[in-house]
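What's in coords-v2.cif: mmCIF, C-alpha atoms and all ligand atoms
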data_model
#
loop_
_atom_site.group_PDB
_atom_site.id
_atom_site.type_symbol
_atom_site.label_atom_id
_atom_site.label_comp_id
_atom_site.auth_asym_id
_atom_site.auth_seq_id
_atom_site.Cartn_x
_atom_site.Cartn_y
_atom_site.Cartn_z
ATOM 1 C CA MET A 1 13.073 -22.872 -24.361
ATOM 2 C CA MET A 2 11.833 -22.271 -20.803
ATOM 3 C CA GLN A 3 13.901 -19.654 -19.047
ATOM 4 C CA ASP A 4 15.832 -20.566 -15.900
ATOM 5 C CA VAL A 5 18.371 -18.445 -13.997
ATOM 6 C CA GLN A 6 21.291 -19.565 -16.170
ATOM 7 C CA GLN A 7 19.387 -18.832 -19.370
ATOM 8 C CA VAL A 8 18.342 -15.364 -18.160
ATOM 9 C CA LYS A 9 21.964 -14.598 -17.210
ATOM 10 C CA ALA A 10 23.105 -15.877 -20.600
ATOM 11 C CA LEU A 11 20.529 -13.695 -22.416
ATOM 12 C CA LEU A 12 21.588 -10.629 -20.413
ATOM 13 C CA ALA A 13 25.247 -11.321 -21.262
ATOM 14 C CA ARG A 14 24.463 -12.005 -24.932
ATOM 15 C CA PHE A 15 22.730 -8.645 -25.322
ATOM 16 C CA GLY A 16 25.085 -6.730 -22.991
ATOM 17 C CA LEU A 17 22.303 -5.914 -20.522
ATOM 18 C CA SER A 18 21.926 -5.725 -16.760
ATOM 19 C CA PRO A 19 18.565 -5.643 -14.944
ATOM 20 C CA ASN A 20 17.245 -2.121 -14.430
ATOM 21 C CA ARG A 21 15.700 -2.134 -10.946
ATOM 22 C CA GLY A 22 14.216 1.321 -11.538
ATOM 23 C CA LEU A 23 12.028 -0.256 -14.235
ATOM 24 C CA GLY A 24 11.036 -3.156 -11.972
ATOM 25 C CA GLN A 25 13.060 -5.693 -13.948
ATOM 26 C CA ASN A 26 12.808 -8.942 -12.008
ATOM 27 C CA PHE A 27 12.769 -11.640 -14.660
ATOM 28 C CA LEU A 28 10.713 -14.790 -14.161
ATOM 29 C CA VAL A 29 12.867 -17.918 -14.061
ATOM 30 C CA ASP A 30 10.214 -20.560 -13.326
ATOM 31 C CA GLY A 31 9.030 -22.056 -16.601
ATOM 32 C CA ASP A 32 6.095 -23.920 -15.002
ATOM 33 C CA LYS A 33 4.691 -20.685 -13.577
ATOM 34 C CA ALA A 34 5.137 -18.990 -16.951
ATOM 35 C CA GLU A 35 3.137 -21.845 -18.535
ATOM 36 C CA ALA A 36 0.410 -21.527 -15.906
ATOM 37 C CA ILE A 37 0.081 -17.783 -16.526
ATOM 38 C CA ALA A 38 -0.035 -18.253 -20.289
ATOM 39 C CA ALA A 39 -2.679 -20.971 -19.913
ATOM 40 C CA ALA A 40 -4.811 -18.745 -17.654
ATOM 41 C CA ALA A 41 -4.519 -15.768 -19.998
ATOM 42 C CA CYS A 42 -5.082 -17.720 -23.168
ATOM 43 C CA PRO A 43 -7.147 -20.893 -22.672
ATOM 44 C CA GLU A 44 -8.711 -20.758 -26.139
ATOM 45 C CA GLY A 45 -5.897 -19.456 -28.327
ATOM 46 C CA GLY A 46 -7.224 -15.912 -28.791
ATOM 47 C CA PRO A 47 -5.050 -12.808 -29.099
ATOM 48 C CA VAL A 48 -3.105 -11.545 -26.076
ATOM 49 C CA LEU A 49 -1.674 -8.211 -24.978
ATOM 50 C CA GLU A 50 1.493 -8.635 -22.900
ATOM 51 C CA ILE A 51 2.713 -5.754 -20.746
ATOM 52 C CA GLY A 52 6.432 -5.638 -19.968
ATOM 53 C CA PRO A 53 7.723 -8.705 -21.863
ATOM 54 C CA GLY A 54 11.278 -8.261 -20.539
ATOM 55 C CA LEU A 55 13.375 -11.098 -21.990
ATOM 56 C CA GLY A 56 10.337 -13.056 -23.129
ATOM 57 C CA ALA A 57 9.737 -15.511 -20.248
ATOM 58 C CA LEU A 58 5.964 -15.194 -20.758
ATOM 59 C CA THR A 59 6.083 -14.220 -24.420
ATOM 60 C CA GLU A 60 7.279 -17.643 -25.461
ATOM 61 C CA PRO A 61 4.511 -19.713 -23.820
ATOM 62 C CA LEU A 62 1.998 -17.087 -24.945
ATOM 63 C CA LEU A 63 3.149 -17.432 -28.560
ATOM 64 C CA ALA A 64 2.773 -21.202 -28.235
ATOM 65 C CA ARG A 65 -0.943 -20.675 -27.515
ATOM 66 C CA ALA A 66 -2.145 -17.335 -28.825
ATOM 67 C CA ARG A 67 -3.259 -16.470 -32.342
ATOM 68 C CA ARG A 68 -1.347 -13.198 -31.952
ATOM 69 C CA VAL A 69 0.711 -11.468 -29.246
ATOM 70 C CA CYS A 70 1.194 -7.712 -28.977
ATOM 71 C CA ALA A 71 3.762 -6.751 -26.326
ATOM 72 C CA VAL A 72 4.472 -3.286 -24.903
ATOM 73 C CA GLU A 73 7.963 -2.822 -23.421
ATOM 74 C CA ILE A 74 9.341 0.485 -22.143
ATOM 75 C CA ASP A 75 13.062 -0.385 -22.204
ATOM 76 C CA PRO A 76 14.616 0.163 -25.672
ATOM 77 C CA ALA A 77 17.535 -2.173 -24.887
ATOM 78 C CA LEU A 78 15.144 -5.008 -24.009
ATOM 79 C CA CYS A 79 13.174 -4.234 -27.164
ATOM 80 C CA GLN A 80 16.292 -4.888 -29.244
ATOM 81 C CA ALA A 81 16.764 -8.217 -27.493
ATOM 82 C CA LEU A 82 13.087 -9.128 -27.979
ATOM 83 C CA GLN A 83 13.273 -8.308 -31.691
ATOM 84 C CA ALA A 84 16.292 -10.579 -32.015
ATOM 85 C CA LEU A 85 14.509 -13.361 -30.102
ATOM 86 C CA PHE A 86 10.983 -13.137 -31.537
ATOM 87 C CA GLY A 87 11.183 -10.747 -34.527
ATOM 88 C CA GLN A 88 10.950 -13.650 -37.017
ATOM 89 C CA GLU A 89 7.537 -14.636 -35.672
ATOM 90 C CA PRO A 90 4.821 -12.927 -37.776
ATOM 91 C CA ARG A 91 2.244 -13.363 -34.974
ATOM 92 C CA PHE A 92 4.371 -11.184 -32.643
ATOM 93 C CA THR A 93 4.252 -7.370 -32.595
ATOM 94 C CA LEU A 94 6.398 -5.338 -30.227
ATOM 95 C CA LEU A 95 5.494 -1.766 -29.308
ATOM 96 C CA GLN A 96 8.281 0.160 -27.619
ATOM 97 C CA GLY A 97 7.030 2.615 -24.993
ATOM 98 C CA ASP A 98 5.285 3.224 -21.707
ATOM 99 C CA PHE A 99 2.119 1.142 -21.428
ATOM 100 C CA LEU A 100 0.476 4.010 -19.537
ATOM 101 C CA LYS A 101 0.673 6.033 -22.752
ATOM 102 C CA ALA A 102 0.080 3.212 -25.222
ATOM 103 C CA ASP A 103 -2.571 3.828 -27.876
ATOM 104 C CA TRP A 104 -5.554 1.497 -27.428
ATOM 105 C CA GLU A 105 -6.584 1.957 -31.066
ATOM 106 C CA GLU A 106 -3.174 0.780 -32.231
ATOM 107 C CA ILE A 107 -3.305 -2.240 -29.920
ATOM 108 C CA GLN A 108 -6.833 -3.088 -31.074
ATOM 109 C CA ALA A 109 -5.806 -2.764 -34.720
ATOM 110 C CA ILE A 110 -2.932 -5.227 -34.121
ATOM 111 C CA LEU A 111 -4.895 -7.760 -32.068
ATOM 112 C CA GLY A 112 -8.142 -7.427 -33.944
ATOM 113 C CA GLU A 113 -10.772 -8.860 -31.625
ATOM 114 C CA PRO A 114 -11.417 -9.094 -27.887
ATOM 115 C CA PHE A 115 -7.991 -9.827 -26.425
ATOM 116 C CA SER A 116 -6.726 -11.155 -23.107
ATOM 117 C CA VAL A 117 -3.965 -9.588 -21.032
ATOM 118 C CA ALA A 118 -0.922 -11.243 -19.459
ATOM 119 C CA ALA A 119 1.759 -9.494 -17.423
ATOM 120 C CA ASN A 120 4.440 -9.900 -14.835
ATOM 121 C CA LEU A 121 3.872 -6.343 -13.683
ATOM 122 C CA PRO A 122 6.697 -3.921 -12.843
ATOM 123 C CA TYR A 123 6.141 -3.239 -9.126
ATOM 124 C CA TYR A 124 6.705 0.534 -9.291
ATOM 125 C CA VAL A 125 3.739 1.099 -11.574
ATOM 126 C CA THR A 126 1.425 -1.831 -10.799
ATOM 127 C CA THR A 127 -1.562 0.193 -9.595
ATOM 128 C CA PRO A 128 -1.694 2.698 -12.498
ATOM 129 C CA ILE A 129 -1.350 -0.150 -15.020
ATOM 130 C CA CYS A 130 -4.179 -2.131 -13.376
ATOM 131 C CA LEU A 131 -6.411 0.952 -13.174
ATOM 132 C CA ARG A 132 -5.759 1.678 -16.846
ATOM 133 C CA LEU A 133 -6.726 -1.880 -17.786
ATOM 134 C CA LEU A 134 -9.838 -1.818 -15.601
ATOM 135 C CA SER A 135 -11.095 1.532 -16.883
ATOM 136 C CA CYS A 136 -10.365 1.251 -20.624
ATOM 137 C CA GLY A 137 -13.841 -0.013 -21.529
ATOM 138 C CA LEU A 138 -12.567 -2.623 -24.002
ATOM 139 C CA PRO A 139 -14.115 -6.098 -23.889
ATOM 140 C CA ILE A 140 -11.128 -7.853 -22.300
ATOM 141 C CA PRO A 141 -12.473 -11.329 -21.414
ATOM 142 C CA ARG A 142 -9.672 -12.340 -19.045
ATOM 143 C CA MET A 143 -6.383 -11.244 -17.544
ATOM 144 C CA ALA A 144 -3.555 -13.050 -15.748
ATOM 145 C CA LEU A 145 -1.544 -10.536 -13.723
ATOM 146 C CA MET A 146 1.498 -11.211 -11.570
ATOM 147 C CA ALA A 147 2.103 -8.667 -8.797
ATOM 148 C CA GLN A 148 3.749 -8.372 -5.419
ATOM 149 C CA THR A 149 1.489 -10.037 -2.849
ATOM 150 C CA GLU A 150 0.596 -6.811 -1.074
ATOM 151 C CA CYS A 151 -0.739 -5.400 -4.323
ATOM 152 C CA ALA A 152 -2.310 -8.651 -5.527
ATOM 153 C CA ASP A 153 -4.278 -8.787 -2.248
ATOM 154 C CA ARG A 154 -6.069 -5.605 -3.262
ATOM 155 C CA PHE A 155 -7.961 -7.441 -6.003
ATOM 156 C CA PHE A 156 -9.714 -9.378 -3.242
ATOM 157 C CA ALA A 157 -10.051 -6.616 -0.601
ATOM 158 C CA GLN A 158 -13.464 -6.426 1.048
ATOM 159 C CA PRO A 159 -15.469 -3.321 2.082
ATOM 160 C CA GLY A 160 -14.213 -1.855 5.335
ATOM 161 C CA SER A 161 -10.652 -3.117 4.921
ATOM 162 C CA ARG A 162 -7.621 -0.849 4.577
ATOM 163 C CA GLN A 163 -6.864 -2.141 1.070
ATOM 164 C CA TYR A 164 -10.391 -1.629 -0.282
ATOM 165 C CA GLY A 165 -10.409 1.165 -2.872
ATOM 166 C CA PRO A 166 -10.930 1.907 -6.595
ATOM 167 C CA LEU A 167 -8.779 -1.009 -7.783
ATOM 168 C CA ALA A 168 -10.674 -3.568 -5.663
ATOM 169 C CA VAL A 169 -14.048 -2.108 -6.661
ATOM 170 C CA LEU A 170 -13.335 -2.048 -10.413
ATOM 171 C CA ALA A 171 -11.714 -5.493 -10.368
ATOM 172 C CA GLN A 172 -14.602 -7.094 -8.457
ATOM 173 C CA TYR A 173 -17.377 -5.254 -10.291
ATOM 174 C CA TYR A 174 -16.184 -6.112 -13.796
ATOM 175 C CA TYR A 175 -14.308 -9.352 -13.065
ATOM 176 C CA GLN A 176 -14.250 -12.487 -10.944
ATOM 177 C CA PRO A 177 -10.735 -12.481 -9.414
ATOM 178 C CA ARG A 178 -9.079 -15.792 -8.545
ATOM 179 C CA ALA A 179 -5.690 -16.437 -6.913
ATOM 180 C CA LEU A 180 -3.831 -18.628 -9.403
ATOM 181 C CA CYS A 181 -0.448 -19.289 -7.777
ATOM 182 C CA SER A 182 2.171 -17.797 -5.475
ATOM 183 C CA LEU A 183 5.780 -17.058 -6.304
ATOM 184 C CA SER A 184 8.764 -16.710 -4.001
ATOM 185 C CA PRO A 185 11.774 -14.414 -4.572
ATOM 186 C CA ALA A 186 13.684 -17.450 -5.898
ATOM 187 C CA ASP A 187 11.337 -17.557 -8.901
ATOM 188 C CA TYR A 188 12.964 -14.363 -10.252
ATOM 189 C CA TYR A 189 16.347 -13.025 -11.287
ATOM 190 C CA PRO A 190 17.349 -10.753 -9.690
ATOM 191 C CA GLN A 191 15.385 -11.773 -6.600
ATOM 192 C CA PRO A 192 12.946 -9.184 -5.233
ATOM 193 C CA GLY A 193 12.565 -8.731 -1.467
ATOM 194 C CA VAL A 194 8.981 -9.994 -1.318
ATOM 195 C CA ASP A 195 6.654 -12.751 -2.496
ATOM 196 C CA SER A 196 4.342 -12.351 -5.476
ATOM 197 C CA GLN A 197 1.047 -13.757 -6.607
ATOM 198 C CA VAL A 198 -0.696 -14.383 -9.895
ATOM 199 C CA VAL A 199 -4.293 -13.202 -10.069
ATOM 200 C CA ALA A 200 -6.583 -14.468 -12.819
ATOM 201 C CA LEU A 201 -9.521 -12.216 -13.680
ATOM 202 C CA GLU A 202 -12.540 -13.542 -15.595
ATOM 203 C CA SER A 203 -14.940 -10.963 -17.020
ATOM 204 C CA ARG A 204 -18.487 -10.808 -15.646
ATOM 205 C CA ASN A 205 -19.525 -9.211 -18.968
ATOM 206 C CA ARG A 206 -21.181 -6.262 -17.265
ATOM 207 C CA PRO A 207 -21.959 -3.125 -19.261
ATOM 208 C CA PHE A 208 -19.106 -0.621 -19.038
ATOM 209 C CA LEU A 209 -19.755 2.500 -16.927
ATOM 210 C CA PRO A 210 -17.577 5.209 -18.532
ATOM 211 C CA GLN A 211 -17.649 7.479 -15.465
ATOM 212 C CA PHE A 212 -17.095 4.796 -12.833
ATOM 213 C CA ALA A 213 -13.305 5.040 -12.415
ATOM 214 C CA GLY A 214 -13.365 8.851 -12.076
ATOM 215 C CA PHE A 215 -16.316 8.638 -9.698
ATOM 216 C CA LEU A 216 -14.436 6.153 -7.496
ATOM 217 C CA GLN A 217 -11.380 8.422 -7.326
ATOM 218 C CA GLN A 218 -13.691 11.123 -5.938
ATOM 219 C CA ALA A 219 -15.595 8.832 -3.595
ATOM 220 C CA PHE A 220 -12.349 7.465 -2.081
ATOM 221 C CA ALA A 221 -10.447 10.781 -2.296
ATOM 222 C CA MET A 222 -10.365 11.241 1.456
ATOM 223 C CA ARG A 223 -10.969 7.884 3.006
ATOM 224 C CA ARG A 224 -12.059 9.134 6.398
ATOM 225 C CA LYS A 225 -14.609 11.544 4.946
ATOM 226 C CA THR A 226 -18.255 10.691 4.377
ATOM 227 C CA LEU A 227 -19.841 10.289 0.965
ATOM 228 C CA ARG A 228 -21.683 13.559 1.582
ATOM 229 C CA ASN A 229 -18.312 15.310 1.892
ATOM 230 C CA ASN A 230 -16.340 13.554 -0.824
ATOM 231 C CA LEU A 231 -19.158 13.790 -3.377
ATOM 232 C CA LYS A 232 -20.550 17.231 -2.615
ATOM 233 C CA ALA A 233 -19.687 18.422 -6.154
ATOM 234 C CA TYR A 234 -22.346 16.046 -7.538
ATOM 235 C CA PRO A 235 -25.804 17.641 -7.829
ATOM 236 C CA GLY A 236 -28.607 15.337 -6.703
ATOM 237 C CA LEU A 237 -26.408 13.444 -4.258
ATOM 238 C CA GLU A 238 -28.915 13.449 -1.362
ATOM 239 C CA ASP A 239 -31.741 12.221 -3.615
ATOM 240 C CA ALA A 240 -29.566 9.528 -5.159
ATOM 241 C CA LEU A 241 -28.452 8.266 -1.745
ATOM 242 C CA GLU A 242 -32.024 8.224 -0.485
ATOM 243 C CA SER A 243 -33.337 6.408 -3.565
ATOM 244 C CA LEU A 244 -30.699 3.707 -3.004
ATOM 245 C CA ASP A 245 -31.386 3.575 0.728
ATOM 246 C CA LEU A 246 -27.791 4.600 1.529
ATOM 247 C CA ASP A 247 -26.797 6.591 4.593
ATOM 248 C CA PRO A 248 -25.229 9.972 3.541
ATOM 249 C CA GLY A 249 -23.051 9.734 6.630
ATOM 250 C CA CYS A 250 -21.366 6.518 5.503
ATOM 251 C CA ARG A 251 -17.989 6.287 3.789
ATOM 252 C CA ALA A 252 -17.256 4.884 0.327
ATOM 253 C CA GLU A 253 -15.201 2.127 1.953
ATOM 254 C CA ALA A 254 -18.373 0.739 3.570
ATOM 255 C CA LEU A 255 -20.171 0.140 0.242
ATOM 256 C CA SER A 256 -19.978 -2.921 -1.999
ATOM 257 C CA PRO A 257 -18.839 -2.631 -5.641
ATOM 258 C CA GLN A 258 -22.473 -3.061 -6.744
ATOM 259 C CA GLN A 259 -23.706 -0.293 -4.404
ATOM 260 C CA LEU A 260 -20.995 2.070 -5.659
ATOM 261 C CA ALA A 261 -21.875 1.255 -9.279
ATOM 262 C CA SER A 262 -25.566 1.951 -8.568
ATOM 263 C CA LEU A 263 -24.704 5.274 -6.942
ATOM 264 C CA CYS A 264 -22.477 6.228 -9.876
ATOM 265 C CA THR A 265 -25.256 5.377 -12.344
ATOM 266 C CA ALA A 266 -27.814 7.349 -10.318
ATOM 267 C CA LEU A 267 -25.558 10.437 -10.194
ATOM 268 C CA LEU A 268 -24.109 10.226 -13.695
ATOM 269 C CA PRO A 269 -26.762 8.567 -15.864
HETATM 270 N N1 LIG A 301 7.751 -10.367 -18.443
HETATM 271 C C1 LIG A 301 9.135 -10.471 -18.044
HETATM 272 C C2 LIG A 301 9.307 -11.654 -17.133
HETATM 273 O O1 LIG A 301 8.276 -12.151 -16.626
HETATM 274 O O2 LIG A 301 10.423 -12.085 -16.919
HETATM 275 C C3 LIG A 301 9.625 -9.193 -17.347
HETATM 276 C C4 LIG A 301 8.830 -8.786 -16.139
HETATM 277 S S1 LIG A 301 9.564 -7.445 -15.221
HETATM 278 C C5 LIG A 301 8.812 -7.718 -13.636
HETATM 279 C C6 LIG A 301 8.639 -6.000 -15.753
HETATM 280 C C7 LIG A 301 8.900 -5.574 -17.207
HETATM 281 O O3 LIG A 301 8.084 -4.405 -17.461
HETATM 282 C C8 LIG A 301 10.321 -5.140 -17.512
HETATM 283 O O4 LIG A 301 10.695 -5.698 -18.736
HETATM 284 C C9 LIG A 301 10.254 -3.616 -17.594
HETATM 285 O O5 LIG A 301 11.251 -3.056 -18.426
HETATM 286 C C10 LIG A 301 8.853 -3.429 -18.143
HETATM 287 N N2 LIG A 301 8.247 -2.120 -17.835
HETATM 288 C C11 LIG A 301 8.469 -1.334 -16.756
HETATM 289 N N3 LIG A 301 7.690 -0.252 -16.795
HETATM 290 C C12 LIG A 301 6.947 -0.335 -17.922
HETATM 291 C C13 LIG A 301 5.951 0.495 -18.521
HETATM 292 N N4 LIG A 301 5.552 1.632 -17.941
HETATM 293 N N5 LIG A 301 5.407 0.119 -19.703
HETATM 294 C C14 LIG A 301 5.813 -1.049 -20.299
HETATM 295 N N6 LIG A 301 6.756 -1.881 -19.778
HETATM 296 C C15 LIG A 301 7.298 -1.536 -18.599
#
Could I get this structure in the form of structure tokens?
Amino acid sequence: MMQDVQQVKALLARFGLSPNRGLGQNFLVDGDKAEAIAAAACPEGGPVLEIGPGLGALTEPLLARARRVCAVEIDPALCQALQALFGQEPRFTLLQGDFLKADWEEIQAILGEPFSVAANLPYYVTTPICLRLLSCGLPIPRMALMAQTECADRFFAQPGSRQYGPLAVLAQYYYQPRALCSLSPADYYPQPGVDSQVVALESRNRPFLPQFAGFLQQAFAMRRKTLRNNLKAYPGLEDALESLDLDPGCRAEALSPQQLASLCTALLP
């Protein structure tokens, strides 16, 4: 059953729910887009982590493909609805709670092997969720993430641009981001005020740098300051910059993801 507006309204009525805008509840009502996201997240049938399953618009096409789906939903009322809709399916596990606090060991134990990620992300917490995914160090081979266009653009931001920062660097260093499809407000119920985009991320299989995310927060802490200023707490900074042929007077926003990774490795071996 692909969800359209009438079906989403019927599900809300059946479970006595109304969309909670504070939790970013804009439900997808375009079944073709849901299929495309599921196909991008799960081309080979492996296990999938879904963040914010809502009323199951993505869960259903994911379950049609994936060996196993583990979904993390913060809203207890939606969790009751999801249990009623998918609770009979042994390949489905629902964890109720905030994804930002979810236990990776528990998720790994449920999904078992390298898993993909699929999400229609709640707009109010998109960046922290993406940063958590990009800095967890688990071998996540691919992700398909739907976000408001302004945020989705950050996956592709280039050095020197206003949107270039830790999210762009981590996404481009560890993954190959690709714009999968665009969505208009009419693709959701209730309709948001802006367009959205689906970004597909394919892993580059690079070794994980445990300190990289924290290092980037420091390097970009004050965007207008130089690396020498933002990173002065790091001993050996001048030597590391010189060995990499980097100007101490430049800003983090001028460096490529690879240059920032090399600097991080030189400072925090
Ligand atoms: N996946 C559904 C769809 O595509 O129709 C719902 C997407 S809706 C944009 C975002 C979902 O994330 C909602 O179900 C919301 O309750 C849930 N959510 C919001 N904040 C969350 C958090 N911190 N952790 C887990 N789920 C969250």
Expansion of the PyMOL selection byres (((not hetatm)) within 6 of (chain A and resi 301)) into residues, as a list in words =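 Selected by the PyMOL selection byres (((not hetatm)) within 6 of (chain A and resi 301)) in this file: Leu23, Gly24, Gln25, Asn26, Phe27, Leu28, Ile51, Gly52, Pro53, Gly54, Leu55, Gly56, Ala57, Leu58, Val72, Glu73, Ile74, Asp75, Asp98, Phe99, Leu100, Asn120, Leu121 and Pro122 of chain A.
Using all atoms listed in the file, the nearest neighbour of Pro128 of chain A within the list A:Leu268, A:Cys151, A:Leu201, A:Leu260 is A:Cys151.
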Once you count only C-alpha atoms, which residues end up no further than 8 Å from (-16.4, -7.8, -25.1) in the file's frame, shown as a VMD selection string?
-> chain A and resid 114 138 to 141 205
Separation of atom CA of Gln83 of chain A from atom CA of Ser196 of chain A, in Å and rounded to one decimal =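 According to the coordinates, atom CA of Gln83 of chain A and atom CA of Ser196 of chain A are separated by 28.0 Å.
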Picked residues, the PyMOL selection byres (((chain A and resi 9) around 12) and not hetatm), as a ChimeraX atom specification | /A:3-8,10-19,26-29,55,188-190
Residues in the PyMOL selection byres (((chain A and resi 36-49) around 10) and not hetatm), expressed as number ranges by chain = A: 31-35, 50-53, 58-72, 91-93, 107-108, 110-120, 140-146, 180-181, 198-202
Can I get the selection written as a PDB file, keeping the file's coordinate frame, with C-alpha atoms?
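Final output, saved to again_38.pdb:
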ATOM      1  CA  GLY A  31       9.030 -22.056 -16.601  1.00  0.00           C
ATOM      2  CA  ASP A  32       6.095 -23.920 -15.002  1.00  0.00           C
ATOM      3  CA  LYS A  33       4.691 -20.685 -13.577  1.00  0.00           C
ATOM      4  CA  ALA A  34       5.137 -18.990 -16.951  1.00  0.00           C
ATOM      5  CA  GLU A  35       3.137 -21.845 -18.535  1.00  0.00           C
ATOM      6  CA  GLU A  50       1.493  -8.635 -22.900  1.00  0.00           C
ATOM      7  CA  ILE A  51       2.713  -5.754 -20.746  1.00  0.00           C
ATOM      8  CA  GLY A  52       6.432  -5.638 -19.968  1.00  0.00           C
ATOM      9  CA  PRO A  53       7.723  -8.705 -21.863  1.00  0.00           C
ATOM     10  CA  LEU A  58       5.964 -15.194 -20.758  1.00  0.00           C
ATOM     11  CA  THR A  59       6.083 -14.220 -24.420  1.00  0.00           C
ATOM     12  CA  GLU A  60       7.279 -17.643 -25.461  1.00  0.00           C
ATOM     13  CA  PRO A  61       4.511 -19.713 -23.820  1.00  0.00           C
ATOM     14  CA  LEU A  62       1.998 -17.087 -24.945  1.00  0.00           C
ATOM     15  CA  LEU A  63       3.149 -17.432 -28.560  1.00  0.00           C
ATOM     16  CA  ALA A  64       2.773 -21.202 -28.235  1.00  0.00           C
ATOM     17  CA  ARG A  65      -0.943 -20.675 -27.515  1.00  0.00           C
ATOM     18  CA  ALA A  66      -2.145 -17.335 -28.825  1.00  0.00           C
ATOM     19  CA  ARG A  67      -3.259 -16.470 -32.342  1.00  0.00           C
ATOM     20  CA  ARG A  68      -1.347 -13.198 -31.952  1.00  0.00           C
ATOM     21  CA  VAL A  69       0.711 -11.468 -29.246  1.00  0.00           C
ATOM     22  CA  CYS A  70       1.194  -7.712 -28.977  1.00  0.00           C
ATOM     23  CA  ALA A  71       3.762  -6.751 -26.326  1.00  0.00           C
ATOM     24  CA  VAL A  72       4.472  -3.286 -24.903  1.00  0.00           C
ATOM     25  CA  ARG A  91       2.244 -13.363 -34.974  1.00  0.00           C
ATOM     26  CA  PHE A  92       4.371 -11.184 -32.643  1.00  0.00           C
ATOM     27  CA  THR A  93       4.252  -7.370 -32.595  1.00  0.00           C
ATOM     28  CA  ILE A 107      -3.305  -2.240 -29.920  1.00  0.00           C
ATOM     29  CA  GLN A 108      -6.833  -3.088 -31.074  1.00  0.00           C
ATOM     30  CA  ILE A 110      -2.932  -5.227 -34.121  1.00  0.00           C
ATOM     31  CA  LEU A 111      -4.895  -7.760 -32.068  1.00  0.00           C
ATOM     32  CA  GLY A 112      -8.142  -7.427 -33.944  1.00  0.00           C
ATOM     33  CA  GLU A 113     -10.772  -8.860 -31.625  1.00  0.00           C
ATOM     34  CA  PRO A 114     -11.417  -9.094 -27.887  1.00  0.00           C
ATOM     35  CA  PHE A 115      -7.991  -9.827 -26.425  1.00  0.00           C
ATOM     36  CA  SER A 116      -6.726 -11.155 -23.107  1.00  0.00           C
ATOM     37  CA  VAL A 117      -3.965  -9.588 -21.032  1.00  0.00           C
ATOM     38  CA  ALA A 118      -0.922 -11.243 -19.459  1.00  0.00           C
ATOM     39  CA  ALA A 119       1.759  -9.494 -17.423  1.00  0.00           C
ATOM     40  CA  ASN A 120       4.440  -9.900 -14.835  1.00  0.00           C
ATOM     41  CA  ILE A 140     -11.128  -7.853 -22.300  1.00  0.00           C
ATOM     42  CA  PRO A 141     -12.473 -11.329 -21.414  1.00  0.00           C
ATOM     43  CA  ARG A 142      -9.672 -12.340 -19.045  1.00  0.00           C
ATOM     44  CA  MET A 143      -6.383 -11.244 -17.544  1.00  0.00           C
ATOM     45  CA  ALA A 144      -3.555 -13.050 -15.748  1.00  0.00           C
ATOM     46  CA  LEU A 145      -1.544 -10.536 -13.723  1.00  0.00           C
ATOM     47  CA  MET A 146       1.498 -11.211 -11.570  1.00  0.00           C
ATOM     48  CA  LEU A 180      -3.831 -18.628  -9.403  1.00  0.00           C
ATOM     49  CA  CYS A 181      -0.448 -19.289  -7.777  1.00  0.00           C
ATOM     50  CA  VAL A 198      -0.696 -14.383  -9.895  1.00  0.00           C
ATOM     51  CA  VAL A 199      -4.293 -13.202 -10.069  1.00  0.00           C
ATOM     52  CA  ALA A 200      -6.583 -14.468 -12.819  1.00  0.00           C
ATOM     53  CA  LEU A 201      -9.521 -12.216 -13.680  1.00  0.00           C
ATOM     54  CA  GLU A 202     -12.540 -13.542 -15.595  1.00  0.00           C
TER      55      GLU A 202
END
To one decimal in Å, tell me the separation between atom CA of Pro166 of chain A and atom CA of Leu267 of chain A.
->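 Distance between the two atoms: 17.3 Å.
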Nearest candidate to Asn20 of chain A (options A:Gly249, A:Pro207, A:Pro235, A:Pro76; using only C-alpha atoms) |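 Under the stated criterion, the closest residue is A:Pro76.
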Name all residues at most 9 Å from Arg223 of chain A (count all atoms listed in the file; drop same-chain ones fewer than 5 positions away) and give them as a ChimeraX atom specification.
-> /A:165,230,251-253
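Atom pair atom CA of Ala233 of chain A / atom CA of Ser135 of chain A: separated by 21.8 Å.
Closest approach to Leu133 of chain A among A:Ala179, A:Ala157, A:Ala102, A:Leu263: A:Ala102, based on all atoms listed in the file.
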Ref. answer, residues at most 12 Å from (-28.4, 15.2, -7.4) with only C-alpha atoms, as a PyMOL selection string | chain A and resi 228+231-243+263-269
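Nearest to Val169 of chain A of all the residues A:Cys136, A:Gly97, A:Gln258, A:Asp245 is A:Gln258, counting all atoms listed in the file.
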Mind working out the centre and edge lengths of an axis-aligned box for segment 255-260 of chain A, all listed atoms inside, 4 Å added to each side, rounded to one decimal in Å and written as JSON?
{"center_x": -21.3, "center_y": -0.5, "center_z": -3.3, "size_x": 12.9, "size_y": 13.1, "size_z": 15.0}
Point out the residue among A:Arg162, A:Arg154, A:Arg204, A:Lys101 with the least atom-to-atom distance to Arg132 of chain A, counting only C-alpha atoms.
->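 Checking each candidate against Arg132 of chain A, we get A:Lys101 as the closest.
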Could you get me a file of segment 63-74 of chain A with C-alpha atoms, as an mmCIF file, in the first residue's frame, taken from the block above?
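Ended up saving to selection00.cif:
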data_model
loop_
_atom_site.group_PDB
_atom_site.id
_atom_site.type_symbol
_atom_site.label_atom_id
_atom_site.label_comp_id
_atom_site.auth_asym_id
_atom_site.auth_seq_id
_atom_site.Cartn_x
_atom_site.Cartn_y
_atom_site.Cartn_z
ATOM 1 C CA LEU A 63 10.644 -3.927 4.125
ATOM 2 C CA ALA A 64 9.905 -5.047 0.567
ATOM 3 C CA ARG A 65 13.659 -4.963 -0.140
ATOM 4 C CA ALA A 66 15.673 -5.217 3.054
ATOM 5 C CA ARG A 67 16.650 -8.344 4.956
ATOM 6 C CA ARG A 68 15.851 -6.434 8.154
ATOM 7 C CA VAL A 69 14.676 -2.930 9.098
ATOM 8 C CA CYS A 70 15.366 -1.250 12.432
ATOM 9 C CA ALA A 71 13.471 2.034 12.838
ATOM 10 C CA VAL A 72 13.971 4.710 15.508
ATOM 11 C CA GLU A 73 10.938 6.940 16.161
ATOM 12 C CA ILE A 74 10.742 9.563 18.909
#
